[in-house]
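Enquirer: Dropping in input_30.cif, which is mmCIF, C-alpha atoms and all ligand atoms:
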data_work
#
loop_
_atom_site.label_atom_id
_atom_site.label_comp_id
_atom_site.auth_asym_id
_atom_site.auth_seq_id
_atom_site.Cartn_x
_atom_site.Cartn_y
_atom_site.Cartn_z
CA MET A 1 94.79 -24.57 -22.39
CA TYR A 2 95.22 -21.14 -20.80
CA HIS A 3 94.20 -17.62 -21.66
CA SER A 4 96.47 -14.60 -21.68
CA LYS A 5 95.66 -11.32 -19.95
CA ILE A 6 97.19 -7.87 -20.03
CA SER A 7 98.80 -7.69 -16.59
CA GLY A 8 100.69 -4.42 -16.97
CA LEU A 9 100.70 -1.38 -19.25
CA GLY A 10 103.05 1.57 -19.72
CA TYR A 11 103.84 4.33 -22.19
CA TYR A 12 106.50 6.92 -22.81
CA VAL A 13 106.49 9.89 -25.17
CA PRO A 14 109.32 12.37 -25.84
CA GLU A 15 109.12 15.68 -23.98
CA ASN A 16 109.40 17.80 -27.13
CA VAL A 17 105.87 18.97 -28.07
CA VAL A 18 105.37 20.12 -31.68
CA THR A 19 102.14 22.03 -32.27
CA ASN A 20 100.36 22.59 -35.58
CA ASP A 21 101.49 26.21 -35.42
CA ASP A 22 105.10 25.02 -35.06
CA LEU A 23 104.71 23.00 -38.27
CA SER A 24 103.12 25.93 -40.10
CA LYS A 25 106.40 27.80 -39.62
CA ILE A 26 108.36 25.23 -41.63
CA MET A 27 105.81 24.15 -44.28
CA ASP A 28 102.65 25.42 -45.96
CA THR A 29 100.07 24.13 -43.51
CA ASN A 30 97.89 25.51 -40.74
CA ASP A 31 96.23 24.52 -37.49
CA GLU A 32 92.72 24.75 -38.97
CA TRP A 33 93.45 22.32 -41.85
CA ILE A 34 95.19 19.79 -39.62
CA GLN A 35 92.51 19.83 -36.91
CA GLU A 36 89.63 19.73 -39.37
CA ARG A 37 91.00 16.81 -41.41
CA THR A 38 92.69 14.79 -38.65
CA GLY A 39 91.75 16.10 -35.17
CA ILE A 40 95.46 16.44 -34.33
CA LYS A 41 96.51 19.43 -32.21
CA GLU A 42 100.08 18.45 -31.38
CA ARG A 43 102.51 15.55 -31.47
CA ARG A 44 105.88 14.67 -29.93
CA HIS A 45 109.17 14.62 -31.83
CA VAL A 46 112.36 13.08 -30.44
CA ILE A 47 115.46 15.16 -29.87
CA ARG A 48 118.60 13.63 -31.35
CA GLY A 49 120.68 11.91 -28.71
CA GLU A 50 117.83 11.70 -26.22
CA ASP A 51 115.26 9.15 -27.41
CA THR A 52 115.21 6.33 -29.94
CA THR A 53 112.60 3.73 -30.85
CA THR A 54 114.36 1.25 -28.58
CA SER A 55 115.01 3.59 -25.66
CA MET A 56 111.38 4.76 -25.60
CA GLY A 57 110.23 1.14 -25.81
CA VAL A 58 112.47 0.28 -22.87
CA LYS A 59 111.03 3.13 -20.78
CA ALA A 60 107.46 2.08 -21.54
CA ALA A 61 108.37 -1.55 -20.82
CA GLU A 62 109.86 -0.76 -17.41
CA ILE A 63 106.55 0.79 -16.33
CA ALA A 64 104.53 -2.13 -17.75
CA ILE A 65 106.73 -4.72 -16.01
CA GLN A 66 106.46 -2.93 -12.67
CA ARG A 67 102.66 -2.68 -12.96
CA ALA A 68 102.41 -6.34 -13.96
CA ASN A 69 104.02 -7.18 -10.62
CA VAL A 70 106.60 -9.39 -12.25
CA SER A 71 110.36 -9.03 -12.29
CA LYS A 72 112.56 -8.80 -15.36
CA GLU A 73 113.66 -12.41 -14.71
CA ASP A 74 110.04 -13.49 -15.19
CA ILE A 75 109.85 -12.22 -18.78
CA ASP A 76 109.95 -15.27 -21.07
CA PHE A 77 109.83 -13.59 -24.48
CA VAL A 78 109.94 -10.17 -26.13
CA ILE A 79 107.89 -9.00 -29.12
CA PHE A 80 108.70 -5.58 -30.58
CA ALA A 81 106.47 -3.97 -33.21
CA THR A 82 107.84 -1.01 -35.18
CA LEU A 83 108.32 0.34 -38.69
CA SER A 84 111.10 2.63 -37.50
CA PRO A 85 113.83 0.47 -35.93
CA ASP A 86 117.05 2.00 -34.58
CA TYR A 87 119.07 -0.16 -36.98
CA TYR A 88 118.23 -1.73 -40.33
CA PHE A 89 119.30 -4.91 -38.53
CA PRO A 90 119.31 -6.31 -35.90
CA GLY A 91 115.79 -5.34 -34.89
CA PRO A 92 114.95 -3.62 -31.60
CA GLY A 93 113.81 -6.81 -29.85
CA VAL A 94 117.37 -7.85 -29.03
CA LEU A 95 118.27 -4.30 -28.01
CA VAL A 96 115.45 -4.43 -25.46
CA GLN A 97 116.70 -7.82 -24.21
CA ARG A 98 120.10 -6.19 -23.67
CA ASP A 99 119.01 -2.79 -22.35
CA LEU A 100 116.47 -4.21 -19.90
CA GLY A 101 118.99 -6.85 -18.78
CA LEU A 102 116.62 -9.73 -19.51
CA LYS A 103 117.69 -13.37 -19.53
CA THR A 104 118.68 -14.65 -22.98
CA VAL A 105 115.01 -15.03 -23.89
CA GLY A 106 113.74 -15.00 -27.47
CA ALA A 107 113.17 -11.59 -29.05
CA LEU A 108 110.92 -11.21 -32.08
CA ASP A 109 110.44 -8.16 -34.30
CA VAL A 110 107.07 -7.54 -35.92
CA ARG A 111 106.79 -5.55 -39.19
CA ASN A 112 103.11 -4.76 -39.53
CA GLN A 113 103.08 -0.97 -39.20
CA CYS A 114 99.83 0.42 -37.74
CA SER A 115 98.59 -3.11 -37.05
CA GLY A 116 101.91 -4.08 -35.46
CA PHE A 117 100.73 -4.03 -31.86
CA VAL A 118 97.60 -6.05 -32.64
CA TYR A 119 99.71 -8.60 -34.52
CA ALA A 120 102.19 -8.71 -31.63
CA ILE A 121 99.42 -9.27 -29.08
CA SER A 122 98.06 -12.08 -31.22
CA ILE A 123 101.46 -13.81 -31.32
CA ALA A 124 101.97 -13.42 -27.56
CA ASP A 125 98.48 -14.78 -26.94
CA GLN A 126 99.23 -17.96 -28.89
CA TYR A 127 102.45 -18.65 -26.96
CA ILE A 128 100.68 -18.19 -23.64
CA LYS A 129 97.60 -20.22 -24.62
CA THR A 130 99.73 -23.24 -25.45
CA GLY A 131 101.54 -23.00 -22.11
CA MET A 132 104.92 -22.36 -23.69
CA TYR A 133 105.46 -18.97 -22.00
CA LYS A 134 103.98 -17.31 -18.90
CA ASN A 135 104.94 -13.64 -19.26
CA ILE A 136 105.60 -11.90 -22.57
CA LEU A 137 106.69 -8.30 -23.03
CA VAL A 138 104.99 -6.67 -26.03
CA ILE A 139 106.21 -3.25 -27.20
CA GLY A 140 105.06 -0.85 -29.91
CA SER A 141 107.38 2.09 -30.47
CA GLU A 142 108.03 4.54 -33.30
CA VAL A 143 110.26 7.43 -34.25
CA HIS A 144 108.68 8.99 -37.34
CA SER A 145 109.88 12.56 -37.07
CA THR A 146 113.46 11.91 -38.21
CA GLY A 147 112.32 10.38 -41.51
CA LEU A 148 109.52 12.69 -42.66
CA ASP A 149 109.58 15.15 -45.53
CA MET A 150 109.20 18.39 -43.58
CA THR A 151 108.71 20.53 -46.69
CA ASP A 152 105.50 21.58 -48.47
CA ARG A 153 105.82 18.45 -50.63
CA GLY A 154 105.47 16.13 -47.63
CA ARG A 155 102.80 18.02 -45.69
CA GLY A 156 100.03 15.49 -46.40
CA VAL A 157 101.99 12.88 -44.42
CA SER A 158 104.34 14.73 -42.09
CA VAL A 159 101.67 16.59 -40.10
CA ILE A 160 99.99 13.31 -39.15
CA PHE A 161 102.74 11.20 -37.62
CA GLY A 162 104.31 11.46 -34.15
CA ASP A 163 106.82 9.64 -31.96
CA GLY A 164 106.18 7.54 -28.85
CA ALA A 165 106.07 4.10 -27.28
CA GLY A 166 103.70 1.84 -25.41
CA ALA A 167 104.16 -1.57 -23.81
CA ALA A 168 102.14 -4.38 -22.29
CA VAL A 169 103.00 -7.48 -20.32
CA LEU A 170 100.83 -10.44 -21.24
CA SER A 171 100.59 -13.08 -18.53
CA ARG A 172 99.00 -16.48 -18.10
CA GLU A 173 95.33 -16.39 -17.01
CA GLU A 174 93.91 -19.65 -15.67
CA ASP A 175 90.29 -18.44 -15.90
CA VAL A 176 89.40 -18.96 -19.56
CA THR A 177 86.36 -16.69 -19.37
CA LYS A 178 88.79 -13.78 -18.90
CA GLY A 179 91.68 -12.19 -20.75
CA ILE A 180 92.10 -12.21 -24.51
CA LEU A 181 89.08 -13.94 -26.02
CA SER A 182 90.18 -13.79 -29.64
CA THR A 183 92.39 -12.08 -32.18
CA HIS A 184 91.71 -11.72 -35.89
CA LEU A 185 94.39 -10.68 -38.39
CA HIS A 186 94.23 -9.81 -42.10
CA SER A 187 96.34 -8.54 -44.96
CA GLU A 188 95.85 -7.36 -48.55
CA GLY A 189 99.26 -6.87 -50.14
CA GLN A 190 97.66 -5.71 -53.36
CA HIS A 191 97.74 -2.21 -51.85
CA ALA A 192 101.27 -2.41 -50.41
CA GLU A 193 102.55 0.68 -52.21
CA GLU A 194 99.57 2.89 -51.27
CA LEU A 195 101.19 3.55 -47.88
CA ALA A 196 104.86 2.74 -47.98
CA LEU A 197 108.47 3.79 -47.59
CA ILE A 198 110.23 2.32 -50.64
CA ALA A 199 113.83 3.42 -50.26
CA PRO A 200 116.32 2.40 -49.21
CA GLY A 201 115.42 -1.27 -49.52
CA MET A 202 116.77 -4.34 -51.20
CA GLY A 203 114.09 -4.26 -53.92
CA LYS A 204 113.48 -1.24 -56.12
CA ARG A 205 115.94 1.22 -54.62
CA TRP A 206 119.00 -0.43 -53.13
CA ILE A 207 121.05 1.10 -50.38
CA THR A 208 123.93 1.24 -52.84
CA ASP A 209 121.72 3.22 -55.30
CA VAL A 210 120.85 5.70 -52.59
CA ILE A 211 124.50 6.26 -51.71
CA ALA A 212 125.54 6.51 -55.38
CA ASP A 213 122.69 8.89 -56.35
CA ASN A 214 122.91 11.08 -53.27
CA ASP A 215 119.78 12.79 -54.61
CA PRO A 216 117.86 14.61 -51.88
CA SER A 217 115.01 15.42 -54.26
CA ASP A 218 114.15 11.71 -54.64
CA GLU A 219 110.73 11.31 -53.00
CA SER A 220 111.11 7.57 -52.51
CA TYR A 221 113.19 8.22 -49.37
CA TYR A 222 110.04 9.45 -47.64
CA PRO A 223 106.84 7.69 -46.65
CA TYR A 224 104.17 7.85 -49.35
CA MET A 225 100.47 7.72 -48.53
CA ASN A 226 97.48 7.78 -50.87
CA GLY A 227 95.46 9.41 -48.09
CA GLN A 228 91.92 9.19 -49.44
CA PHE A 229 92.34 5.59 -50.64
CA VAL A 230 93.78 4.58 -47.26
CA PHE A 231 90.95 6.41 -45.46
CA LYS A 232 88.24 4.62 -47.49
CA ASN A 233 89.79 1.20 -46.91
CA ALA A 234 90.37 1.93 -43.22
CA VAL A 235 86.73 2.63 -42.37
CA VAL A 236 85.59 -0.57 -44.13
CA ARG A 237 88.25 -2.83 -42.63
CA PHE A 238 87.96 -1.41 -39.10
CA SER A 239 84.23 -2.14 -39.14
CA GLU A 240 84.64 -5.63 -40.61
CA VAL A 241 87.29 -6.78 -38.19
CA ILE A 242 85.49 -5.44 -35.11
CA ASN A 243 82.35 -7.28 -36.22
CA GLU A 244 84.39 -10.42 -36.93
CA GLY A 245 85.80 -10.41 -33.39
CA LEU A 246 82.42 -9.79 -31.77
CA GLN A 247 80.69 -12.50 -33.80
CA ALA A 248 83.39 -15.07 -33.04
CA ASN A 249 82.56 -14.60 -29.35
CA ASN A 250 78.76 -14.32 -29.71
CA LEU A 251 78.95 -10.73 -28.55
CA GLU A 252 77.04 -7.64 -29.67
CA VAL A 253 78.23 -4.10 -30.25
CA SER A 254 76.24 -3.15 -27.13
CA ASP A 255 78.55 -5.41 -25.08
CA ILE A 256 81.56 -3.16 -25.80
CA ASN A 257 82.66 -1.15 -22.78
CA LEU A 258 85.65 0.43 -24.48
CA LEU A 259 86.89 0.49 -28.07
CA VAL A 260 90.51 1.55 -28.45
CA PRO A 261 91.07 2.06 -32.17
CA HIS A 262 94.47 2.64 -33.72
CA GLN A 263 94.82 6.42 -33.78
CA ALA A 264 95.06 6.94 -37.55
CA ASN A 265 92.78 9.95 -37.86
CA LEU A 266 90.12 11.25 -35.46
CA ARG A 267 87.68 11.34 -38.39
CA ILE A 268 88.15 7.58 -38.91
CA SER A 269 87.52 6.90 -35.20
CA GLN A 270 84.43 9.12 -35.28
CA PHE A 271 83.13 7.35 -38.37
CA ILE A 272 83.48 3.98 -36.63
CA GLN A 273 81.89 5.36 -33.46
CA GLN A 274 78.86 6.60 -35.40
CA LYS A 275 78.57 3.43 -37.44
CA PHE A 276 78.51 1.29 -34.29
CA LYS A 277 76.40 3.88 -32.40
CA LEU A 278 78.90 4.04 -29.54
CA THR A 279 78.95 6.90 -27.03
CA ASP A 280 81.98 9.13 -26.43
CA ASP A 281 82.67 7.13 -23.25
CA GLN A 282 82.90 3.89 -25.23
CA VAL A 283 85.69 5.03 -27.58
CA TYR A 284 89.10 6.23 -26.42
CA ASN A 285 90.95 8.72 -28.62
CA ASN A 286 94.15 10.65 -27.93
CA ILE A 287 95.36 11.42 -31.46
CA MET A 288 94.77 15.10 -30.61
CA ASN A 289 97.85 15.02 -28.36
CA TYR A 290 100.19 12.57 -30.08
CA GLY A 291 99.27 12.32 -33.77
CA ASN A 292 99.47 8.90 -35.39
CA THR A 293 102.19 6.89 -33.63
CA THR A 294 101.61 3.74 -35.71
CA ALA A 295 102.52 0.60 -33.71
CA ALA A 296 102.65 2.67 -30.50
CA SER A 297 99.21 4.24 -30.81
CA ILE A 298 97.10 1.44 -29.31
CA PRO A 299 99.35 0.71 -26.31
CA ILE A 300 99.69 4.45 -25.54
CA ALA A 301 95.91 4.93 -25.75
CA LEU A 302 95.16 1.75 -23.82
CA THR A 303 97.55 2.75 -21.04
CA GLU A 304 96.08 6.24 -20.81
CA ALA A 305 92.54 4.85 -20.71
CA TRP A 306 93.55 2.42 -17.96
CA GLU A 307 95.32 5.17 -15.99
CA LYS A 308 92.16 7.31 -16.18
CA GLY A 309 90.12 4.47 -14.68
CA LYS A 310 88.16 3.88 -17.89
CA ILE A 311 88.79 0.10 -17.77
CA LYS A 312 87.36 -2.02 -14.95
CA SER A 313 87.57 -5.71 -14.22
CA GLY A 314 85.01 -7.58 -16.31
CA ASP A 315 84.83 -4.90 -19.04
CA LEU A 316 84.79 -5.87 -22.69
CA VAL A 317 87.67 -4.02 -24.35
CA VAL A 318 88.12 -4.08 -28.12
CA LEU A 319 91.34 -3.12 -29.92
CA ALA A 320 91.29 -2.58 -33.68
CA ALA A 321 93.91 -1.47 -36.18
CA PHE A 322 94.36 -0.79 -39.87
CA GLY A 323 97.36 0.41 -41.81
CA SER A 324 100.18 -0.07 -44.28
CA GLY A 325 100.29 -3.43 -46.00
CA PHE A 326 97.38 -3.19 -45.96
CA THR A 327 97.11 -5.04 -42.68
CA TRP A 328 94.34 -4.95 -40.13
CA GLY A 329 93.19 -6.81 -37.05
CA SER A 330 91.21 -6.84 -33.82
CA VAL A 331 91.62 -8.10 -30.27
CA ILE A 332 88.65 -8.84 -28.00
CA ILE A 333 89.49 -8.74 -24.28
CA ARG A 334 87.43 -9.54 -21.20
CA TRP A 335 89.37 -7.46 -18.63
O1 LIG B 401 97.66 4.94 -39.82
C1 LIG B 401 97.70 4.40 -41.10
C2 LIG B 401 96.49 4.67 -41.82
N1 LIG B 401 96.45 6.05 -42.24
C3 LIG B 401 95.28 6.61 -42.41
O2 LIG B 401 94.28 6.00 -42.12
C4 LIG B 401 95.23 7.99 -43.03
C5 LIG B 401 94.02 8.07 -43.91
N2 LIG B 401 93.91 9.32 -44.64
C6 LIG B 401 93.69 10.51 -44.05
O3 LIG B 401 93.66 10.60 -42.84
C7 LIG B 401 93.42 11.71 -44.93
O4 LIG B 401 93.34 11.30 -46.27
C8 LIG B 401 94.51 12.83 -44.79
C9 LIG B 401 94.37 13.50 -43.43
C10 LIG B 401 95.89 12.23 -44.95
C11 LIG B 401 94.33 13.89 -45.86
O5 LIG B 401 93.03 14.44 -45.79
P1 LIG B 401 92.16 14.58 -47.12
O6 LIG B 401 90.90 15.18 -46.73
O7 LIG B 401 92.14 13.24 -47.80
O8 LIG B 401 92.98 15.63 -47.95
P2 LIG B 401 93.67 15.50 -49.39
O9 LIG B 401 94.88 14.67 -49.36
O10 LIG B 401 92.60 15.16 -50.40
O11 LIG B 401 94.08 16.99 -49.65
C12 LIG B 401 93.12 18.04 -49.75
C13 LIG B 401 93.84 19.36 -49.99
C14 LIG B 401 94.84 19.30 -51.12
O12 LIG B 401 94.83 20.57 -51.75
P3 LIG B 401 94.01 20.80 -53.12
O13 LIG B 401 94.55 19.81 -54.09
O14 LIG B 401 92.58 20.54 -52.77
O15 LIG B 401 94.31 22.22 -53.45
C15 LIG B 401 96.16 19.10 -50.43
O16 LIG B 401 97.24 19.59 -51.16
O17 LIG B 401 94.59 19.69 -48.81
C16 LIG B 401 95.95 19.93 -49.18
N3 LIG B 401 96.80 19.49 -48.06
C17 LIG B 401 97.12 20.29 -47.04
N4 LIG B 401 96.82 21.55 -46.76
C18 LIG B 401 97.31 22.08 -45.62
C19 LIG B 401 97.36 18.26 -47.85
N5 LIG B 401 98.05 18.26 -46.70
C20 LIG B 401 97.91 19.49 -46.17
C21 LIG B 401 98.40 20.11 -45.01
N6 LIG B 401 98.07 21.38 -44.76
N7 LIG B 401 99.16 19.43 -44.11
#
Please lay out the structure from this file as C-alpha cells.

Expert:
Amino acid sequence: MYHSKISGLGYYVPENVVTNDDLSKIMDTNDEWIQERTGIKERRHVIRGEDTTTSMGVKAAEIAIQRANVSKEDIDFVIFATLSPDYYFPGPGVLVQRDLGLKTVGALDVRNQCSGFVYAISIADQYIKTGMYKNILVIGSEVHSTGLDMTDRGRGVSVIFGDGAGAAVLSREEDVTKGILSTHLHSEGQHAEELALIAPGMGKRWITDVIADNDPSDESYYPYMNGQFVFKNAVVRFSEVINEGLQANNLEVSDINLLVPHQANLRISQFIQQKFKLTDDQVYNNIMNYGNTTAASIPIALTEAWEKGKIKSGDLVVLAAFGSGFTWGSVIIRW
C-alpha cells in the first residue's frame, strides 16, 4: 500500500480582468454590494477564440507536470473536473490527452461542480494507493462567463463566478506518514435544483426543445442559485467535513497549518475561520481576485499559496469544498 502526494501544482487564468465597476456598467450592481456580500473585487473572463476550459486546463497542467519533475510520458491517467466542458461530449479529459500529447492513457471526467477537484483528488488517491498508477494529472478548469445571465435578472449569480484553471500531479509516495492522509466525500441530491443549470439537458428541457423554442427570455438556460439556502448549507457542511477529516486522522484543529477552502464566498471562508478559531495565516483566500471558479478554485488557491511559500514540508494542509449537488468533501494532506 502506498500513499499519494501532490508533486506539482500549476494554474492559469485568462488575462482579461473584469472589475466590479465593469459589471456595474452592464447590470444594476455596484462594487460596494459585491465586496460586502462576497469579498470579490475582480474576476477573469475568457475572450472568445483565446481560452477554453480545456486550453486553460492544459496550460495549468503543463506547469504542474514541469514542477512535478516528471515527463508527459510518465502520466498514467487524467482526471478532469469541470461543470463547463468545451463540448457536451466528449468531456475535456480526452482533449487534454490529445492536446498534451499524452500516451493513450485513461481520461476521466468528473461532474461534481465546486467539489469537483476534491472528488478528483480522492479518485486519484485511490488509484495510487492500490499501486495501479504512479502519476496522475488532476485538473479543475471552468469557463463561466460565456454562460451567465449578464442582465439585472442574473446579477445574484453572475457577479460571483469567474474563469480559470488549476492542476496538480499526484505521485506515488512510499512514506505512508506523508501525502494524502484521507479524503471524505458526501452528497445530498435532495437539493440538486437549489444550485443548477437545467437547460439544455436530456431531462426537463431537451436540446430539441431549446432549438424549437428559441426563447431567450427562458431563465432555465442560466445557472440558478438559491443563494441564502446554499450559504446556510455551505457553512454547516464545510465545518462537518473538515472535522470528519481531522477526526479520522486523530488530529485537532490546532494541527492545521493551512486550510484552503473552495472559494465560494469570502464570508463563508471567514465564518469557517472564526468557527475553527484559525488565524489569517492559516486560511488561504483569493476569491477577491478571481471570484468563484468552481472546480478550479482550490487548485488555483493551493498553487498560489505554494508559490508564496505558505506550504512547507511536514505541514498539515486541509482542502474543503461545498457546492452544487449538493456535494461536499475534504482532503487532509501531510505535505
Ligand atoms: O460555490 C458554490 C456555492 N455557492 C455559494 O456558497 C454561494 C452562497 N450564497 C452567497 O454567497 C450569497 O447568498 C450571495 C452572495 C449569492 C447573495 O448574498 P445575500 O446576502 O444572500 O443576498 P440576497 O440574495 O438575499 O439579496 C439581497 C438583496 C436583494 O435585494 P432586495 O430583495 O433586498 O431588495 C437582491 O436583489 O441584494 C440584491 N442583489 C444585488 N444587489 C446588487 C442580488 N444580487 C445583487 C447584485 N448587486 N449583484

Enquirer: With only C-alpha atoms and all ligand atoms as the basis for distance, which of A:Gly147, A:Gly116, A:Gly106, A:Gly189 is at the shortest distance from ligand LIG 401 (chain B)?

Expert: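 That would be A:Gly116, the residue with the smallest distance to ligand LIG 401 (chain B).
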
Enquirer: Using all atoms listed in the file, which protein or nucleic acid residues come within 7 Å of stretch 159-165 of chain A? Drop anything in the same chain fewer than 2 positions from it, and give the result as a list in words.

Expert: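 After dropping sequence-adjacent residues, the list is Tyr11, Tyr12, Val13, Pro14, Arg43, Arg44, His45, Val46, Met56, Gly57, Ala60, Gly140, Ser141, Glu142, Val143, His144, Ser145, Arg155, Gly156, Val157, Ala167, Tyr290, Gly291, Asn292, Thr293, Ala296 and Ile300 of chain A.
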
Enquirer: (106.0, 5.7, -46.7) in this file's frame - what residues fall within 8 Å of it? Use all atoms listed in the file and give the answer as a VMD selection string.

Expert: chain A and resid 195 to 198 220 222 to 225

Enquirer: List every residue of chain A that has an atom at most 7 Å from any atom of ligand LIG 401 (chain B), and for each one report the closest atom pair and its distance in Å to one decimal, counting all atoms listed in the file, with rows sorted by chain and then by increasing residue number, as a tab-separated table.

Expert:
residue	atom	partner	partner_atom	distance
A:Asp28	CA	B:LIG401	N6	6.2
A:Thr29	CA	B:LIG401	N6	3.6
A:Asn30	CA	B:LIG401	N6	5.8
A:Trp33	CA	B:LIG401	C18	5.4
A:Ile34	CA	B:LIG401	N7	6.0
A:Arg37	CA	B:LIG401	C9	5.1
A:Thr38	CA	B:LIG401	C9	5.2
A:Cys114	CA	B:LIG401	O1	5.4
A:Arg155	CA	B:LIG401	N7	4.2
A:Gly156	CA	B:LIG401	N5	3.4
A:Val157	CA	B:LIG401	C10	6.2
A:Val159	CA	B:LIG401	N7	5.5
A:Gly227	CA	B:LIG401	O4	3.4
A:Gln228	CA	B:LIG401	O4	4.1
A:Val230	CA	B:LIG401	C5	4.8
A:Phe231	CA	B:LIG401	C5	3.8
A:Ala234	CA	B:LIG401	O2	5.8
A:Gln263	CA	B:LIG401	O1	6.8
A:Ala264	CA	B:LIG401	O1	4.0
A:Asn265	CA	B:LIG401	O3	5.1
A:Asn292	CA	B:LIG401	O1	6.2
A:Thr294	CA	B:LIG401	O1	5.8
A:Phe322	CA	B:LIG401	C2	6.2
A:Gly323	CA	B:LIG401	C1	4.1
A:Ser324	CA	B:LIG401	C1	6.0

Enquirer: Take the selection from the previous step and output its residues with C-alpha atoms, as a tab-separated table (two decimals), keeping the file's coordinate frame.

Expert:
chain	number	residue	atom	x	y	z
A	28	ASP	CA	102.65	25.42	-45.96
A	29	THR	CA	100.07	24.13	-43.51
A	30	ASN	CA	97.89	25.51	-40.74
A	33	TRP	CA	93.45	22.32	-41.85
A	34	ILE	CA	95.19	19.79	-39.62
A	37	ARG	CA	91.00	16.81	-41.41
A	38	THR	CA	92.69	14.79	-38.65
A	114	CYS	CA	99.83	0.42	-37.74
A	155	ARG	CA	102.80	18.02	-45.69
A	156	GLY	CA	100.03	15.49	-46.40
A	157	VAL	CA	101.99	12.88	-44.42
A	159	VAL	CA	101.67	16.59	-40.10
A	227	GLY	CA	95.46	9.41	-48.09
A	228	GLN	CA	91.92	9.19	-49.44
A	230	VAL	CA	93.78	4.58	-47.26
A	231	PHE	CA	90.95	6.41	-45.46
A	234	ALA	CA	90.37	1.93	-43.22
A	263	GLN	CA	94.82	6.42	-33.78
A	264	ALA	CA	95.06	6.94	-37.55
A	265	ASN	CA	92.78	9.95	-37.86
A	292	ASN	CA	99.47	8.90	-35.39
A	294	THR	CA	101.61	3.74	-35.71
A	322	PHE	CA	94.36	-0.79	-39.87
A	323	GLY	CA	97.36	0.41	-41.81
A	324	SER	CA	100.18	-0.07	-44.28

Enquirer: I'd like to know which of A:Ser4, A:Gln35, A:Ser239, A:Gln274 is closest to A:Met288, using all atoms listed in the file.

Expert: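 For A:Met288, the nearest of the candidates is A:Gln35.
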
Enquirer: Calculate how many Å separate atom CA of A:Thr146 from atom CA of A:Thr52, rounding to one decimal.

Expert: 10.1 Å

Enquirer: Could you check how far atom CA of A:Ser313 sits from atom CA of A:Leu9, in Å to one decimal?

Expert: 14.7 Å

Enquirer: I'd like the interatomic distance between atom CA of A:Ala120 and atom CA of A:Ile79, to a tenth of an Å.

Expert: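 Going from atom CA of A:Ala120 over to atom CA of A:Ile79, I get 6.2 Å.
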
Enquirer: Determine the nearest neighbour of A:Thr54 from the options A:Ile139, A:Val78, A:Ile311, A:Ile298, counting all atoms listed in the file.

Expert: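 Nearest candidate to A:Thr54 out of A:Ile139, A:Val78, A:Ile311, A:Ile298: A:Ile139.
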